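Pasted below: final_27.txt, compact mmCIF, C-alpha atoms.
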```txt
# COMPACT_ATOMS: atom_id res chain seq x y z
CA LEU A 1 67.70 54.35 223.27
CA GLN A 2 68.99 55.64 226.57
CA ALA A 3 70.66 52.29 227.30
CA THR A 4 72.46 52.42 223.90
CA ASN A 5 73.61 55.94 224.56
CA ASP A 6 74.81 55.00 228.06
CA ALA A 7 76.68 51.95 226.76
CA TYR A 8 78.38 53.50 223.72
CA GLY A 9 78.14 57.23 224.29
CA VAL A 10 76.32 57.74 220.96
CA SER A 11 72.82 57.30 219.63
CA ARG A 12 71.57 54.17 217.88
CA SER A 13 71.43 55.99 214.51
CA THR A 14 75.15 56.83 214.85
CA LEU A 15 75.90 53.17 215.56
CA TYR A 16 73.99 52.16 212.44
CA GLU A 17 75.95 54.76 210.43
CA TRP A 18 79.23 53.41 211.81
CA TRP A 19 78.18 49.86 210.96
CA LYS A 20 77.37 50.87 207.37
CA ILE A 21 80.79 52.58 206.97
CA TYR A 22 82.50 49.52 208.47
CA LYS A 23 80.59 47.13 206.19
CA ASP A 24 81.07 49.22 203.01
CA SER A 25 84.83 49.37 203.64
CA GLY A 26 85.06 45.57 203.64
CA TYR A 27 85.21 45.43 207.44
CA VAL A 28 88.34 47.54 207.74
CA MET A 29 88.60 49.00 211.24
CA SER A 30 90.56 52.05 210.09
CA SER A 31 87.49 53.16 208.12
CA LEU A 32 85.95 54.28 211.43
CA ASP A 33 88.77 56.76 211.95
CA PRO A 34 87.12 60.22 211.60
CA GLY A 35 89.90 61.37 209.27
CA SER A 36 89.15 58.59 206.81
CA GLN A 37 85.48 59.52 206.44
CA ALA A 38 86.18 62.46 204.14
CA PRO A 39 85.35 61.79 200.48
CA ILE A 40 88.29 60.21 198.64
CA LYS A 41 87.64 62.34 195.57
CA ARG A 42 86.42 65.89 195.86
CA ARG A 43 84.74 67.56 192.97
CA LYS A 44 87.15 70.06 191.49
CA ARG A 45 85.75 73.12 189.78
CA ILE A 46 86.78 73.47 186.16
CA ILE A 47 88.29 76.90 185.58
CA ASP A 48 87.91 78.54 182.19
CA PRO A 49 91.26 78.47 180.33
CA LYS A 50 90.86 82.20 179.60
CA ILE A 51 91.00 82.92 183.33
CA ILE A 52 94.13 80.82 183.80
CA ALA A 53 95.74 82.54 180.80
CA GLU A 54 94.90 85.96 182.28
CA ILE A 55 96.39 84.99 185.65
CA LYS A 56 99.57 83.92 183.86
CA ARG A 57 99.66 87.22 181.94
CA LEU A 58 99.15 89.31 185.07
CA ARG A 59 101.94 87.56 186.94
CA LEU A 60 104.25 87.66 183.92
CA GLU A 61 103.66 91.13 182.47
CA VAL A 62 102.22 93.21 185.32
CA CYS A 63 103.93 91.89 188.46
CA PRO A 64 105.75 88.55 188.81
CA ASN A 65 105.07 88.34 192.56
CA MET A 66 101.46 89.53 192.46
CA GLY A 67 99.46 87.89 195.27
CA LYS A 68 96.05 86.29 195.00
CA ASP A 69 94.14 89.30 196.38
CA LYS A 70 95.80 91.73 193.97
CA VAL A 71 95.25 89.31 191.09
CA LYS A 72 91.56 89.18 191.98
CA ASP A 73 91.33 92.98 191.77
CA PHE A 74 92.52 92.79 188.15
CA LEU A 75 90.71 89.55 187.34
CA ASP A 76 87.18 90.55 188.36
CA PRO A 77 86.85 93.28 185.67
CA PHE A 78 88.33 90.84 183.12
CA CYS A 79 85.71 88.23 184.02
CA ARG A 80 82.86 90.75 183.78
CA LYS A 81 84.10 91.99 180.41
CA ASN A 82 84.34 88.44 179.02
CA LYS A 83 81.15 87.25 180.75
CA LEU A 84 83.00 84.71 182.84
CA ARG A 85 82.12 83.58 186.32
CA ASN A 86 84.25 85.24 189.02
CA ILE A 87 86.48 83.05 191.13
CA SER A 88 87.44 83.49 194.77
CA ALA A 89 90.83 84.63 196.04
CA SER A 90 91.43 81.17 197.51
CA THR A 91 90.84 79.58 194.09
CA ILE A 92 93.25 82.08 192.54
CA GLY A 93 95.79 81.13 195.20
CA ARG A 94 95.36 77.45 194.32
CA ILE A 95 95.82 78.18 190.62
CA ILE A 96 98.97 80.23 191.32
CA LYS A 97 100.35 77.38 193.43
CA GLU A 98 99.63 74.84 190.67
CA LEU A 99 101.25 77.09 188.05
CA LYS A 100 104.35 77.46 190.20
CA GLU A 101 104.60 73.70 190.58
CA LYS A 102 104.19 73.16 186.83
CA ASN A 103 106.88 75.77 186.11
CA ARG A 104 109.20 74.12 188.62
CA LEU A 105 108.73 70.71 187.00
CA LEU A 106 109.28 72.19 183.52
CA GLU A 107 112.48 73.92 184.66
CA GLU A 108 113.78 70.69 186.19
CA ALA A 109 112.93 68.74 183.02
CA ASP A 110 114.62 71.40 180.86
CA LYS A 111 117.73 71.36 183.05
CA LEU A 112 117.87 67.56 182.86
CA ASN A 113 117.43 67.60 179.07
CA LYS A 114 120.26 70.12 178.67
CA THR A 115 122.54 68.00 180.85
CA LEU A 116 121.71 64.86 178.85
CA MET A 117 122.20 66.64 175.52
CA LYS A 118 125.56 67.98 176.67
CA GLU A 119 126.66 64.49 177.73
CA ILE A 120 125.48 62.95 174.44
CA HIS A 121 127.25 65.68 172.47
CA HIS A 122 130.58 65.04 174.19
CA ARG A 123 130.30 61.28 173.71
CA VAL A 124 129.43 61.59 170.01
CA LYS A 125 132.20 64.16 169.51
CA ASN A 126 134.74 61.88 171.21
CA ASN A 127 133.60 58.93 169.09
CA PHE A 128 134.08 60.92 165.88
CA GLN A 129 137.54 61.98 167.02
CA LEU A 130 138.43 58.40 167.93
CA ILE A 131 137.32 57.05 164.54
CA SER A 132 139.18 59.81 162.71
CA SER A 133 142.37 59.15 164.72
CA LEU A 134 142.21 55.41 164.06
CA LEU A 135 141.80 56.03 160.34
CA ASN A 136 144.76 58.41 160.37
CA LEU A 137 146.89 55.73 162.05
CA GLN A 138 145.90 53.23 159.39
CA ILE A 139 146.59 55.72 156.60
CA GLY A 140 150.05 56.47 158.00
CA GLY A 141 151.02 52.81 157.85
CA LEU A 142 149.85 52.11 154.30
CA GLU A 143 152.01 52.08 151.19
CA ASP A 144 149.21 51.16 148.79
CA ASN A 145 148.01 54.47 147.29
CA GLN A 146 144.58 53.13 146.41
CA ALA A 147 143.99 51.89 149.97
CA ARG A 148 145.20 55.24 151.30
CA ARG A 149 142.72 57.10 149.10
CA ILE A 150 139.86 54.90 150.29
CA LEU A 151 140.67 55.46 153.97
CA GLU A 152 141.22 59.18 153.44
CA SER A 153 137.80 59.40 151.82
CA GLY A 154 136.25 57.62 154.78
CA ARG A 155 138.07 59.88 157.23
CA ASP A 156 136.88 63.01 155.42
CA ARG A 157 133.28 61.78 155.53
CA VAL A 158 133.55 61.15 159.25
CA GLN A 159 134.93 64.66 159.67
CA THR A 160 132.01 66.09 157.70
CA LEU A 161 129.54 64.32 159.99
CA ALA A 162 131.47 65.60 163.01
CA VAL A 163 131.20 69.19 161.73
CA LEU A 164 127.46 68.70 161.15
CA HIS A 165 126.96 67.38 164.68
CA GLU A 166 128.98 70.25 166.16
CA LYS A 167 126.96 72.87 164.30
CA LEU A 168 123.61 71.33 165.27
CA TYR A 169 124.70 71.37 168.90
CA GLU A 170 126.00 74.94 168.75
CA ILE A 171 122.77 76.41 167.36
CA GLY A 172 120.62 74.20 169.60
CA ASP A 173 118.36 73.10 166.74
CA PHE A 174 118.59 69.40 165.85
CA VAL A 175 116.06 69.69 163.03
CA SER A 176 117.39 72.38 160.69
CA LEU A 177 120.77 73.94 159.95
CA PRO A 178 121.96 77.19 158.26
CA MET A 179 124.07 75.89 155.38
CA ASN A 180 126.33 78.95 155.13
CA LEU A 181 127.82 78.13 158.56
CA PHE A 182 128.00 74.40 157.91
CA ILE A 183 129.66 74.64 154.49
CA ALA A 184 132.22 77.20 155.67
CA ASP A 185 133.31 74.89 158.51
CA ILE A 186 133.56 71.85 156.20
CA ILE A 187 135.81 73.73 153.77
CA GLU A 188 137.96 75.09 156.60
CA ALA A 189 138.41 71.58 158.04
CA LEU A 190 139.41 70.11 154.67
CA LEU A 191 141.87 72.94 154.02
CA ALA A 192 143.54 72.11 157.35
CA VAL A 193 143.66 68.34 156.68
CA TYR A 194 145.35 68.72 153.30
CA ASN A 195 147.60 71.68 154.26
CA ALA A 196 145.97 73.65 151.48
CA VAL A 197 147.03 77.03 152.82
CA ASP A 198 150.72 76.04 152.75
CA ARG A 199 150.22 75.00 149.13
CA GLY A 200 148.78 78.41 148.28
CA ILE A 201 145.21 77.13 147.94
CA ASP A 202 142.35 79.25 149.25
CA PHE A 203 138.57 79.33 148.79
CA GLU A 204 136.28 82.30 148.35
CA ILE A 205 132.96 81.36 149.95
CA ASN A 206 129.77 83.04 148.72
CA ILE A 207 126.73 81.18 150.06
CA ASP A 208 123.12 82.28 150.46
CA ASN A 209 121.59 81.80 153.91
CA ILE A 210 119.78 78.56 153.06
CA VAL A 211 118.36 76.38 155.86
CA LEU A 212 118.05 72.63 155.31
CA ASN A 213 116.82 69.85 157.56
CA SER A 214 119.48 67.62 159.10
CA LYS A 215 118.94 64.75 156.65
CA LYS A 216 119.44 66.96 153.58
CA ALA A 217 122.33 68.73 155.32
CA VAL A 218 124.16 65.40 155.71
CA THR A 219 123.69 64.56 152.02
CA THR A 220 124.79 68.04 150.95
CA GLY A 221 127.79 67.93 153.25
CA LEU A 222 128.99 64.57 151.92
CA ILE A 223 128.66 65.75 148.30
CA LEU A 224 130.50 68.96 149.13
CA ASN A 225 133.18 66.97 150.93
CA GLU A 226 133.91 64.96 147.77
CA ALA A 227 133.91 68.05 145.54
CA VAL A 228 136.23 70.12 147.75
CA THR A 229 138.55 67.17 148.46
CA ASN A 230 138.93 66.42 144.73
CA SER A 231 139.55 70.09 144.03
CA ILE A 232 142.33 70.30 146.60
CA LYS A 233 143.94 67.04 145.46
CA TYR A 234 143.74 67.28 141.71
CA ALA A 235 142.95 70.83 140.60
CA PHE A 236 146.21 72.40 141.79
```
Take the structure I supplied and represent it as structure tokens, if you would.
Amino acid sequence: LQATNDAYGVSRSTLYEWWKIYKDSGYVMSSLDPGSQAPIKRRKRIIDPKIIAEIKRLRLEVCPNMGKDKVKDFLDPFCRKNKLRNISASTIGRIIKELKEKNRLLEEADKLNKTLMKEIHHRVKNNFQLISSLLNLQIGGLEDNQARRILESGRDRVQTLAVLHEKLYEIGDFVSLPMNLFIADIIEALLAVYNAVDRGIDFEINIDNIVLNSKKAVTTGLILNEAVTNSIKYAF
């Protein structure tokens, strides 16, 4: 034993332990590095969701910058009242750190989503404008009245879809839409296209505040587009 200690500077049992670590690692020399001998996975204590929710509430409603020690002063009575196991200040600090990181990631994701939605909105809006302009060019060069009516109908439908898209983007809800705002904008757009005001045509709008999903709003808008267009063209 003394000879082993003199030769290697450690006891025989330590050598055997090193050999086992070396063998279990698949004979990887770096496994003998003291830093690599820590467990790869540490057991993480599961914290009751009620405690995490209370920490969130304290830092949101009581004091946004409340530190771990102050949080613990408030949290201990809460745990006793709800018969929950107390947690240490260091654990509270870890939870606060994790919550901050989650909030940061959510804020970054939200910022990215807003940027993407803004870019998509502008591209869709430009595409609608391009289609409408091309149809207007075609209409201007046609002498056939029936062909003109067909293209005008298509242009008006495109404009209705453009108004729908604009409204959905403005309110920030791509699922449902207040129809009173949508219908008013459709009528205003059609009045401008057909110079209805110069012809002495005006509409009195009286609409209940009805909310429809986007699919039904499209159908309603297209039907309304036909009705208002025919009224402007043929009723006066």
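Those residues that approach Tyr234 (chain A) to within 12 Å, counting only C-alpha atoms, are Tyr194, Ala196, Ile201, Glu226, Ala227 and Val228 of chain A; same-chain residues fewer than 6 positions away are not listed.
Taking CA of Glu152 (chain A) and CA of Ser132 (chain A) as endpoints, the distance between them is 9.5 Å.
From CA of Val62 (chain A) back to CA of Lys100 (chain A), the distance works out to 16.6 Å.
By all atoms listed in the file, and with residues fewer than 6 positions from Phe128 (chain A) along its chain excluded, the set lying at most 8 Å from it is Val158, Gln159 and Ala162 of chain A.
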